[in-house]
$ cat work09.txt   # compact mmCIF, C-alpha atoms
# COMPACT_ATOMS: atom_id res chain seq x y z
CA GLY A 1 -55.84 38.24 -82.31
CA LEU A 2 -54.06 36.46 -85.11
CA LEU A 3 -55.29 38.89 -87.76
CA THR A 4 -53.66 41.74 -85.87
CA TYR A 5 -50.50 40.25 -84.42
CA GLY A 6 -49.75 37.14 -86.45
CA ILE A 7 -50.12 38.47 -90.00
CA PRO A 8 -47.62 41.12 -91.16
CA ASN A 9 -48.80 44.55 -92.26
CA MET A 10 -47.66 44.05 -95.86
CA LYS A 11 -50.07 41.13 -96.10
CA LEU A 12 -52.99 42.52 -94.12
CA ASP A 13 -53.32 46.22 -93.36
CA LYS A 14 -54.37 46.66 -89.74
CA GLU A 15 -56.81 49.40 -90.69
CA THR A 16 -58.81 46.68 -92.43
CA VAL A 17 -58.98 44.66 -89.20
CA GLN A 18 -59.85 47.72 -87.12
CA ARG A 19 -62.67 48.64 -89.50
CA ARG A 20 -64.30 45.27 -88.89
CA VAL A 21 -63.79 45.56 -85.13
CA ASP A 22 -65.43 48.99 -85.18
CA LEU A 23 -68.43 47.58 -87.04
CA MET A 24 -68.87 44.82 -84.48
CA GLU A 25 -68.55 47.28 -81.59
CA ALA A 26 -71.24 49.44 -83.21
CA GLU A 27 -73.47 46.36 -83.27
CA GLY A 28 -73.12 46.00 -79.51
CA ILE A 29 -70.22 43.59 -79.05
CA SER A 30 -67.85 44.42 -76.19
CA PHE A 31 -64.15 43.61 -76.63
CA VAL A 32 -62.11 43.13 -73.47
CA THR A 33 -58.40 43.27 -74.29
CA GLY A 34 -55.31 42.76 -72.17
CA ALA A 35 -57.09 40.01 -70.23
CA GLU A 36 -55.33 36.74 -69.42
CA VAL A 37 -57.92 33.99 -69.74
CA ASP A 38 -56.61 31.34 -67.36
CA ALA A 39 -58.35 28.40 -65.72
CA ALA A 40 -59.95 30.51 -62.99
CA ALA A 41 -61.13 33.22 -65.39
CA ILE A 42 -62.74 30.81 -67.84
CA SER A 43 -64.63 29.06 -65.04
CA GLU A 44 -66.07 32.38 -63.87
CA THR A 45 -66.95 33.32 -67.44
CA VAL A 46 -68.89 30.13 -68.06
CA GLU A 47 -70.84 30.59 -64.84
CA GLY A 48 -71.74 34.20 -65.67
CA PHE A 49 -73.08 33.71 -69.22
CA ASP A 50 -75.69 31.57 -70.90
CA ALA A 51 -73.26 30.46 -73.61
CA THR A 52 -69.48 30.50 -74.03
CA VAL A 53 -67.82 30.05 -77.43
CA LEU A 54 -64.21 28.94 -77.56
CA ALA A 55 -62.39 30.35 -80.58
CA ILE A 56 -58.87 30.12 -79.18
CA GLY A 57 -57.22 28.70 -82.28
CA SER A 58 -54.53 26.05 -82.55
CA THR A 59 -51.52 27.79 -81.09
CA VAL A 60 -49.16 25.08 -79.76
CA PRO A 61 -46.40 24.93 -82.40
CA ASN A 62 -44.61 21.87 -83.72
CA ASN A 63 -41.11 21.69 -82.28
CA LEU A 64 -37.86 20.41 -83.80
CA PRO A 65 -36.15 18.51 -80.96
CA ILE A 66 -32.76 17.89 -82.53
CA PRO A 67 -29.33 18.44 -80.92
CA GLY A 68 -28.73 22.11 -80.17
CA ARG A 69 -32.41 23.05 -79.94
CA ASP A 70 -31.81 24.91 -76.67
CA LEU A 71 -29.38 27.38 -78.24
CA ASP A 72 -30.26 31.07 -78.36
CA GLY A 73 -31.37 32.34 -81.76
CA ILE A 74 -33.86 29.55 -82.47
CA VAL A 75 -37.45 30.82 -82.26
CA TYR A 76 -40.96 29.84 -83.24
CA ALA A 77 -42.48 31.63 -86.23
CA MET A 78 -45.41 33.11 -84.34
CA GLU A 79 -43.07 34.39 -81.64
CA PHE A 80 -40.99 36.14 -84.31
CA LEU A 81 -44.00 37.62 -86.12
CA THR A 82 -45.87 38.69 -82.98
CA ARG A 83 -42.91 40.50 -81.45
CA ASN A 84 -42.30 42.27 -84.75
CA GLN A 85 -45.88 43.51 -84.93
CA LYS A 86 -45.94 44.65 -81.30
CA ALA A 87 -42.70 46.52 -81.91
CA LEU A 88 -44.33 48.38 -84.80
CA PHE A 89 -47.36 49.23 -82.66
CA ALA A 90 -45.04 50.52 -79.92
CA ASN A 91 -43.28 52.82 -82.40
CA PRO A 92 -45.82 53.98 -85.01
CA PRO A 93 -43.24 55.96 -87.07
CA ALA A 94 -41.55 52.65 -87.86
CA LEU A 95 -44.66 51.68 -89.82
CA LEU A 96 -43.61 54.19 -92.45
CA THR A 97 -40.07 52.84 -92.83
CA THR A 98 -38.68 49.78 -94.56
CA GLU A 99 -36.23 48.99 -91.77
CA VAL A 100 -36.75 47.92 -88.18
CA THR A 101 -33.98 48.45 -85.65
CA PRO A 102 -33.44 46.61 -82.36
CA GLU A 103 -34.41 49.79 -80.50
CA VAL A 104 -37.92 49.65 -81.92
CA GLY A 105 -40.27 48.05 -79.44
CA LEU A 106 -38.49 48.95 -76.21
CA THR A 107 -41.63 50.84 -75.16
CA SER A 108 -43.87 47.88 -76.01
CA LYS A 109 -45.80 46.26 -73.18
CA TYR A 110 -44.67 42.89 -74.52
CA GLY A 111 -41.92 41.71 -72.16
CA GLY A 112 -40.24 39.30 -74.53
CA GLY A 113 -38.34 41.95 -76.48
CA PHE A 114 -37.80 42.30 -80.19
CA ILE A 115 -36.29 39.63 -82.44
CA SER A 116 -34.27 41.29 -85.18
CA ALA A 117 -33.10 39.61 -88.40
CA LYS A 118 -31.00 42.62 -89.43
CA GLY A 119 -27.58 41.61 -90.72
CA LYS A 120 -28.17 37.94 -89.89
CA HIS A 121 -28.05 34.66 -91.78
CA VAL A 122 -31.68 33.55 -91.47
CA VAL A 123 -32.92 29.99 -91.84
CA VAL A 124 -36.68 29.41 -92.02
CA ILE A 125 -37.65 25.77 -91.46
CA GLY A 126 -41.07 24.93 -92.85
CA GLY A 127 -43.15 26.31 -95.69
CA GLY A 128 -46.72 27.46 -96.01
CA ASP A 129 -48.15 30.90 -95.36
CA THR A 130 -46.42 31.31 -92.01
CA GLY A 131 -43.01 30.50 -93.47
CA THR A 132 -43.60 32.99 -96.26
CA ASP A 133 -44.50 35.71 -93.74
CA CYS A 134 -41.27 35.02 -91.86
CA ILE A 135 -39.34 35.35 -95.13
CA GLY A 136 -41.02 38.67 -95.95
CA THR A 137 -40.48 40.04 -92.45
CA SER A 138 -36.79 39.01 -92.38
CA LEU A 139 -36.25 40.77 -95.70
CA ARG A 140 -37.74 43.95 -94.31
CA HIS A 141 -35.46 43.75 -91.30
CA GLY A 142 -32.47 43.63 -93.64
CA CYS A 143 -31.21 40.05 -93.23
CA LYS A 144 -27.79 39.17 -94.65
CA SER A 145 -28.90 35.89 -96.24
CA LEU A 146 -32.04 33.80 -96.30
CA ILE A 147 -32.83 30.15 -96.94
CA ASN A 148 -36.05 28.17 -96.47
CA PHE A 149 -35.93 24.41 -95.76
CA GLU A 150 -38.82 22.15 -96.75
CA LEU A 151 -38.81 18.45 -95.93
CA PHE A 152 -40.97 17.30 -98.81
CA PRO A 153 -39.89 17.17 -102.48
CA ALA A 154 -40.56 20.16 -104.72
CA PRO A 155 -44.01 19.99 -106.32
CA PRO A 156 -44.27 19.91 -110.14
CA ASP A 157 -44.32 23.20 -112.03
CA GLU A 158 -47.73 22.41 -113.44
CA GLN A 159 -50.42 19.78 -113.23
CA ASP A 160 -51.09 17.48 -116.16
CA LYS A 161 -54.61 17.12 -117.57
CA ARG A 162 -55.55 14.27 -115.23
CA GLY A 163 -53.54 15.47 -112.26
CA GLU A 164 -51.70 12.17 -111.99
CA ALA A 165 -48.24 13.72 -112.20
CA SER A 166 -48.76 15.69 -108.99
CA GLY A 167 -50.63 12.90 -107.21
CA ASN A 168 -53.78 14.94 -106.65
CA PRO A 169 -56.28 14.42 -109.47
CA TRP A 170 -59.22 16.72 -110.09
CA PRO A 171 -61.18 17.96 -108.19
CA LEU A 172 -58.48 18.11 -105.51
CA TRP A 173 -56.60 21.38 -105.11
CA PRO A 174 -53.56 20.98 -107.41
CA ARG A 175 -50.30 20.73 -105.50
CA ILE A 176 -48.00 22.57 -107.89
CA MET A 177 -45.10 24.98 -107.50
CA ARG A 178 -46.46 28.36 -106.45
CA VAL A 179 -44.62 31.62 -105.84
CA ASP A 180 -45.88 33.75 -102.97
CA TYR A 181 -44.90 37.34 -102.22
CA GLY A 182 -42.05 36.39 -99.89
CA HIS A 183 -40.47 34.04 -102.44
CA GLU A 184 -40.68 36.69 -105.14
CA GLU A 185 -39.17 39.37 -102.91
CA ALA A 186 -36.34 37.07 -101.80
CA SER A 187 -35.58 36.21 -105.43
CA HIS A 188 -35.37 39.91 -106.23
CA ARG A 189 -33.13 40.60 -103.22
CA PHE A 190 -30.78 37.61 -103.43
CA GLY A 191 -31.18 36.44 -107.02
CA ALA A 192 -32.78 33.06 -106.33
CA ASP A 193 -35.85 31.44 -104.78
CA PRO A 194 -35.05 30.85 -101.07
CA ARG A 195 -36.76 27.45 -100.92
CA THR A 196 -34.70 24.27 -100.72
CA TYR A 197 -36.61 20.99 -100.87
CA SER A 198 -36.07 17.48 -99.49
CA VAL A 199 -33.97 18.83 -96.62
CA LEU A 200 -33.85 17.23 -93.18
CA SER A 201 -32.36 19.33 -90.36
CA LYS A 202 -30.04 17.19 -88.22
CA GLU A 203 -28.35 19.52 -85.73
CA PHE A 204 -28.11 23.13 -84.59
CA VAL A 205 -24.44 24.07 -84.22
CA SER A 206 -23.26 26.31 -81.36
CA ASP A 207 -20.87 29.22 -81.66
CA GLY A 208 -19.35 28.17 -78.34
CA ALA A 209 -21.13 30.92 -76.44
CA GLY A 210 -24.65 29.52 -76.33
CA ARG A 211 -25.93 30.88 -79.65
CA VAL A 212 -26.66 29.10 -82.90
CA ARG A 213 -24.16 29.65 -85.73
CA ALA A 214 -25.18 26.96 -88.25
CA VAL A 215 -27.62 24.19 -89.13
CA LYS A 216 -26.43 20.76 -90.24
CA THR A 217 -28.70 19.16 -92.83
CA VAL A 218 -28.93 16.16 -95.12
CA GLN A 219 -30.90 15.59 -98.31
CA VAL A 220 -33.66 12.98 -98.17
CA GLU A 221 -35.66 11.07 -100.74
CA VAL A 222 -38.92 9.18 -100.53
CA GLY A 223 -38.40 5.44 -100.79
CA PRO A 224 -40.75 2.80 -102.25
CA ASP A 225 -42.35 2.35 -98.83
CA GLY A 226 -43.18 6.05 -98.63
CA ARG A 227 -40.62 6.72 -95.91
CA PHE A 228 -37.86 9.31 -96.03
CA ALA A 229 -34.33 8.01 -96.48
CA GLU A 230 -31.17 10.08 -96.10
CA VAL A 231 -29.03 10.52 -99.21
CA GLU A 232 -25.49 9.42 -98.47
CA GLY A 233 -22.86 12.12 -98.88
CA SER A 234 -25.38 14.99 -98.97
CA GLU A 235 -24.58 16.45 -95.55
CA ARG A 236 -24.19 20.22 -95.44
CA GLU A 237 -23.68 22.98 -92.91
CA HIS A 238 -25.60 26.23 -93.45
CA PRO A 239 -24.66 29.46 -91.61
CA ALA A 240 -27.42 30.59 -89.28
CA ASP A 241 -27.62 33.46 -86.79
CA LEU A 242 -31.41 33.20 -86.57
CA VAL A 243 -33.47 30.03 -87.09
CA ILE A 244 -37.25 30.39 -87.38
CA LEU A 245 -39.39 27.27 -86.92
CA ALA A 246 -42.51 27.49 -89.10
CA MET A 247 -43.67 23.88 -89.08
CA GLY A 248 -47.34 24.28 -88.27
CA PHE A 249 -49.30 23.82 -85.07
CA ARG A 250 -50.42 20.81 -83.03
CA HIS A 251 -53.53 21.79 -81.07
CA PRO A 252 -54.97 24.52 -78.82
CA GLU A 253 -53.35 25.35 -75.50
CA GLN A 254 -54.75 22.89 -72.98
CA GLU A 255 -55.25 25.03 -69.86
CA ILE A 256 -58.77 26.13 -70.79
CA VAL A 257 -59.65 22.73 -72.24
CA ARG A 258 -58.65 21.01 -69.00
CA ALA A 259 -60.28 23.64 -66.77
CA LEU A 260 -63.62 23.03 -68.49
CA ARG A 261 -62.99 19.26 -68.56
CA LEU A 262 -63.80 19.15 -72.25
CA GLU A 263 -63.75 15.93 -74.18
CA THR A 264 -61.03 16.07 -76.85
CA ASP A 265 -60.29 14.22 -80.06
CA GLN A 266 -57.14 12.17 -80.70
CA ARG A 267 -55.25 15.36 -81.59
CA SER A 268 -56.22 17.17 -78.35
CA ASN A 269 -58.68 19.50 -80.08
CA ALA A 270 -61.95 20.39 -78.36
CA LYS A 271 -64.43 17.77 -79.52
CA ALA A 272 -67.65 19.26 -80.88
CA SER A 273 -70.26 18.38 -83.51
CA THR A 274 -70.30 20.35 -86.76
CA SER A 275 -74.09 20.53 -86.57
CA ASP A 276 -74.37 22.51 -83.34
CA TYR A 277 -70.72 22.98 -82.21
CA LYS A 278 -71.60 21.88 -78.67
CA THR A 279 -68.77 20.52 -76.55
CA SER A 280 -69.11 18.03 -73.71
CA ALA A 281 -69.53 20.90 -71.22
CA PRO A 282 -73.03 22.41 -70.91
CA GLY A 283 -73.30 25.85 -72.50
CA VAL A 284 -69.80 25.69 -74.01
CA PHE A 285 -69.28 25.69 -77.78
CA ALA A 286 -66.10 25.36 -79.85
CA ALA A 287 -65.41 26.85 -83.26
CA GLY A 288 -62.50 27.27 -85.65
CA ASP A 289 -59.07 25.72 -85.31
CA CYS A 290 -59.49 24.74 -81.66
CA ARG A 291 -62.16 22.29 -82.84
CA ARG A 292 -61.00 21.13 -86.29
CA GLY A 293 -57.24 21.58 -85.95
CA GLN A 294 -54.93 24.09 -87.66
CA SER A 295 -56.16 25.61 -90.90
CA LEU A 296 -55.76 28.75 -92.98
CA VAL A 297 -56.76 32.04 -91.41
CA VAL A 298 -59.05 32.71 -94.39
CA SER A 299 -61.04 29.61 -93.44

$ encode --input "work09.txt" --output "structure tokens"
Amino acid sequence: GLLTYGIPNMKLDKETVQRRVDLMEAEGISFVTGAEVDAAAISETVEGFDATVLAIGSTVPNNLPIPGRDLDGIVYAMEFLTRNQKALFANPPALLTTEVTPEVGLTSKYGGGFISAKGKHVVVIGGGDTGTDCIGTSLRHGCKSLINFELFPAPPDEQDKRGEASGNPWPLWPRIMRVDYGHEEASHRFGADPRTYSVLSKEFVSDGAGRVRAVKTVQVEVGPDGRFAEVEGSEREHPADLVILAMGFRHPEQEIVRALRLETDQRSNAKASTSDYKTSAPGVFAAGDCRRGQSLVVS
């Protein structure tokens, strides 16, 4: 799942994942791969077992519906990362190289093809772990330039003794400026941290042939009412051959949820108690992000 296809090799070696899978298989668990679990399949599964646990994650991504969104070259982060990993699995020798070419992955069973950042101006919209993984992967492809937009202001470099400066007093997790592996690598490659804060994307600009060539942005600031306000005269146009949307996820895919007629919460997650994880359907349980909403993979 996500541990294998969504997290790059430089962050999580796949031998580590396989070792755990092997242990579980030795304990008697059967893994059925390459199976599309649609509405019909899940109904049959529920009828054939005493208990069914849904651990399908929160995989519907947040979109950015601004002018030009339908242009080619604008992709979701998980789409970019998954195709990259499947390309590496399809061509094992590429695992030993630092460069991925467009030809890698042509033998993959994944029909979507490979998304290459080689020689491109890459814009990653959104921060967090997923955004960092997109930065690190683009660097390994050999991107021409790289910039990372974040809507919120830059956090403070350090937290004061009471935590008041960063707005999250102890014992809350301090929201301070942190440097992850992708930021450090990008700084080494291009001479500066790729992150740009307080940036609102306004429009994707076409090259006239159906592909994205730039992103129009404007700086924003947080007003007294807590709302974002655009800064006059701060409009910019950034070159972009590849735009990666890494803005988090909304909720689990709804086909299985609807097929089982599960009760959901206000965010369309499968509703289940944290005491027994039972859903509204008899014999069906929900765990992980499909119940609580998106979270870190380490959770």

$ atom_distance --input "work09.txt" --atom1 "CA of Ala186 in chain A" --atom2 "CA of Leu139 in chain A"
7.1 Å

$ residues_around --input "work09.txt" --residues "range 66-74 of chain A" --least-positions-apart "2" --cutoff "12 Å" --atoms "all atoms listed in the file" --output "mmCIF file with C-alpha atoms, keeping the file's coordinate frame"
data_model
loop_
_atom_site.group_PDB
_atom_site.id
_atom_site.type_symbol
_atom_site.label_atom_id
_atom_site.label_comp_id
_atom_site.auth_asym_id
_atom_site.auth_seq_id
_atom_site.Cartn_x
_atom_site.Cartn_y
_atom_site.Cartn_z
ATOM 1 C CA ASN A 63 -41.110 21.690 -82.280
ATOM 2 C CA LEU A 64 -37.860 20.410 -83.800
ATOM 3 C CA TYR A 76 -40.960 29.840 -83.240
ATOM 4 C CA ALA A 77 -42.480 31.630 -86.230
ATOM 5 C CA GLU A 79 -43.070 34.390 -81.640
ATOM 6 C CA PHE A 80 -40.990 36.140 -84.310
ATOM 7 C CA PHE A 114 -37.800 42.300 -80.190
ATOM 8 C CA ILE A 115 -36.290 39.630 -82.440
ATOM 9 C CA SER A 116 -34.270 41.290 -85.180
ATOM 10 C CA ALA A 117 -33.100 39.610 -88.400
ATOM 11 C CA LYS A 120 -28.170 37.940 -89.890
ATOM 12 C CA HIS A 121 -28.050 34.660 -91.780
ATOM 13 C CA VAL A 122 -31.680 33.550 -91.470
ATOM 14 C CA VAL A 123 -32.920 29.990 -91.840
ATOM 15 C CA VAL A 124 -36.680 29.410 -92.020
ATOM 16 C CA ILE A 125 -37.650 25.770 -91.460
ATOM 17 C CA LEU A 200 -33.850 17.230 -93.180
ATOM 18 C CA SER A 201 -32.360 19.330 -90.360
ATOM 19 C CA LYS A 202 -30.040 17.190 -88.220
ATOM 20 C CA GLU A 203 -28.350 19.520 -85.730
ATOM 21 C CA PHE A 204 -28.110 23.130 -84.590
ATOM 22 C CA VAL A 205 -24.440 24.070 -84.220
ATOM 23 C CA SER A 206 -23.260 26.310 -81.360
ATOM 24 C CA ASP A 207 -20.870 29.220 -81.660
ATOM 25 C CA GLY A 208 -19.350 28.170 -78.340
ATOM 26 C CA ALA A 209 -21.130 30.920 -76.440
ATOM 27 C CA GLY A 210 -24.650 29.520 -76.330
ATOM 28 C CA ARG A 211 -25.930 30.880 -79.650
ATOM 29 C CA VAL A 212 -26.660 29.100 -82.900
ATOM 30 C CA ARG A 213 -24.160 29.650 -85.730
ATOM 31 C CA ALA A 214 -25.180 26.960 -88.250
ATOM 32 C CA VAL A 215 -27.620 24.190 -89.130
ATOM 33 C CA LYS A 216 -26.430 20.760 -90.240
ATOM 34 C CA THR A 217 -28.700 19.160 -92.830
ATOM 35 C CA ALA A 240 -27.420 30.590 -89.280
ATOM 36 C CA ASP A 241 -27.620 33.460 -86.790
ATOM 37 C CA LEU A 242 -31.410 33.200 -86.570
ATOM 38 C CA VAL A 243 -33.470 30.030 -87.090
ATOM 39 C CA ILE A 244 -37.250 30.390 -87.380
ATOM 40 C CA LEU A 245 -39.390 27.270 -86.920
ATOM 41 C CA ALA A 246 -42.510 27.490 -89.100
#

$ atom_distance --input "work09.txt" --atom1 "CA of Ser275 in chain A" --atom2 "CA of Pro61 in chain A"
28.3 Å

$ atom_distance --input "work09.txt" --atom1 "CA of Pro194 in chain A" --atom2 "CA of Ile7 in chain A"
20.2 Å

$ closest_residue --input "work09.txt" --among "A:Thr132, A:Ser187, A:Gln294, A:Thr33" --to "Ser145 in chain A" --atoms "only C-alpha atoms"
A:Ser187

$ residues_around --input "work09.txt" --residues "Thr137 in chain A" --least-positions-apart "2" --cutoff "12 Å" --atoms "all atoms listed in the file" --output "VMD selection string"
chain A and resid 6 to 11 77 to 78 80 to 85 88 98 to 100 115 to 118 122 124 130 to 135 139 to 143 146 181 to 183 185 to 186 244

$ closest_residue --input "work09.txt" --among "A:Glu230, A:Asp13, A:Asp180, A:Asp38" --to "Asp129 in chain A" --atoms "only C-alpha atoms"
A:Asp180

$ axis_aligned_box --input "work09.txt" --around "range 183-190 of chain A" --padding-each-side "3 Å" --output "lines of an AutoDock Vina configuration file"
center_x = -35.7
center_y = 37.3
center_z = -104.0
size_x = 15.9
size_y = 12.6
size_z = 10.4

$ closest_residue --input "work09.txt" --among "A:Leu172, A:Ala154, A:Ala272, A:Leu54" --to "Val220 in chain A" --atoms "all atoms listed in the file"
A:Ala154

$ residues_around --input "work09.txt" --residues "Thr45 in chain A" --least-positions-apart "6" --cutoff "12 Å" --atoms "all atoms listed in the file" --output "number ranges by chain"
A: 37-39, 51-54, 256, 259-260, 283-284

$ residues_near_point --input "work09.txt" --point "(-54.4, 43.2, -86.1)" --cutoff "8 Å" --atoms "all atoms listed in the file" --output "JSON, numbers by chain"
{"A": [1, 2, 3, 4, 5, 6, 7, 13, 14, 17, 18]}

$ closest_residue --input "work09.txt" --among "A:Gly34, A:Gly57, A:Gly48, A:Pro153" --to "Gln254 in chain A" --atoms "all atoms listed in the file"
A:Gly57

$ residues_around --input "work09.txt" --residues "Phe152 in chain A" --least-positions-apart "2" --cutoff "8 Å" --atoms "all atoms listed in the file" --output "PDB file with C-alpha atoms, in the frame of the given file"
ATOM      1  CA  GLU A 150     -38.820  22.150 -96.750  1.00  0.00           C
ATOM      2  CA  ALA A 154     -40.560  20.160-104.720  1.00  0.00           C
ATOM      3  CA  TYR A 197     -36.610  20.990-100.870  1.00  0.00           C
ATOM      4  CA  SER A 198     -36.070  17.480 -99.490  1.00  0.00           C
ATOM      5  CA  VAL A 199     -33.970  18.830 -96.620  1.00  0.00           C
TER       6      VAL A 199
END
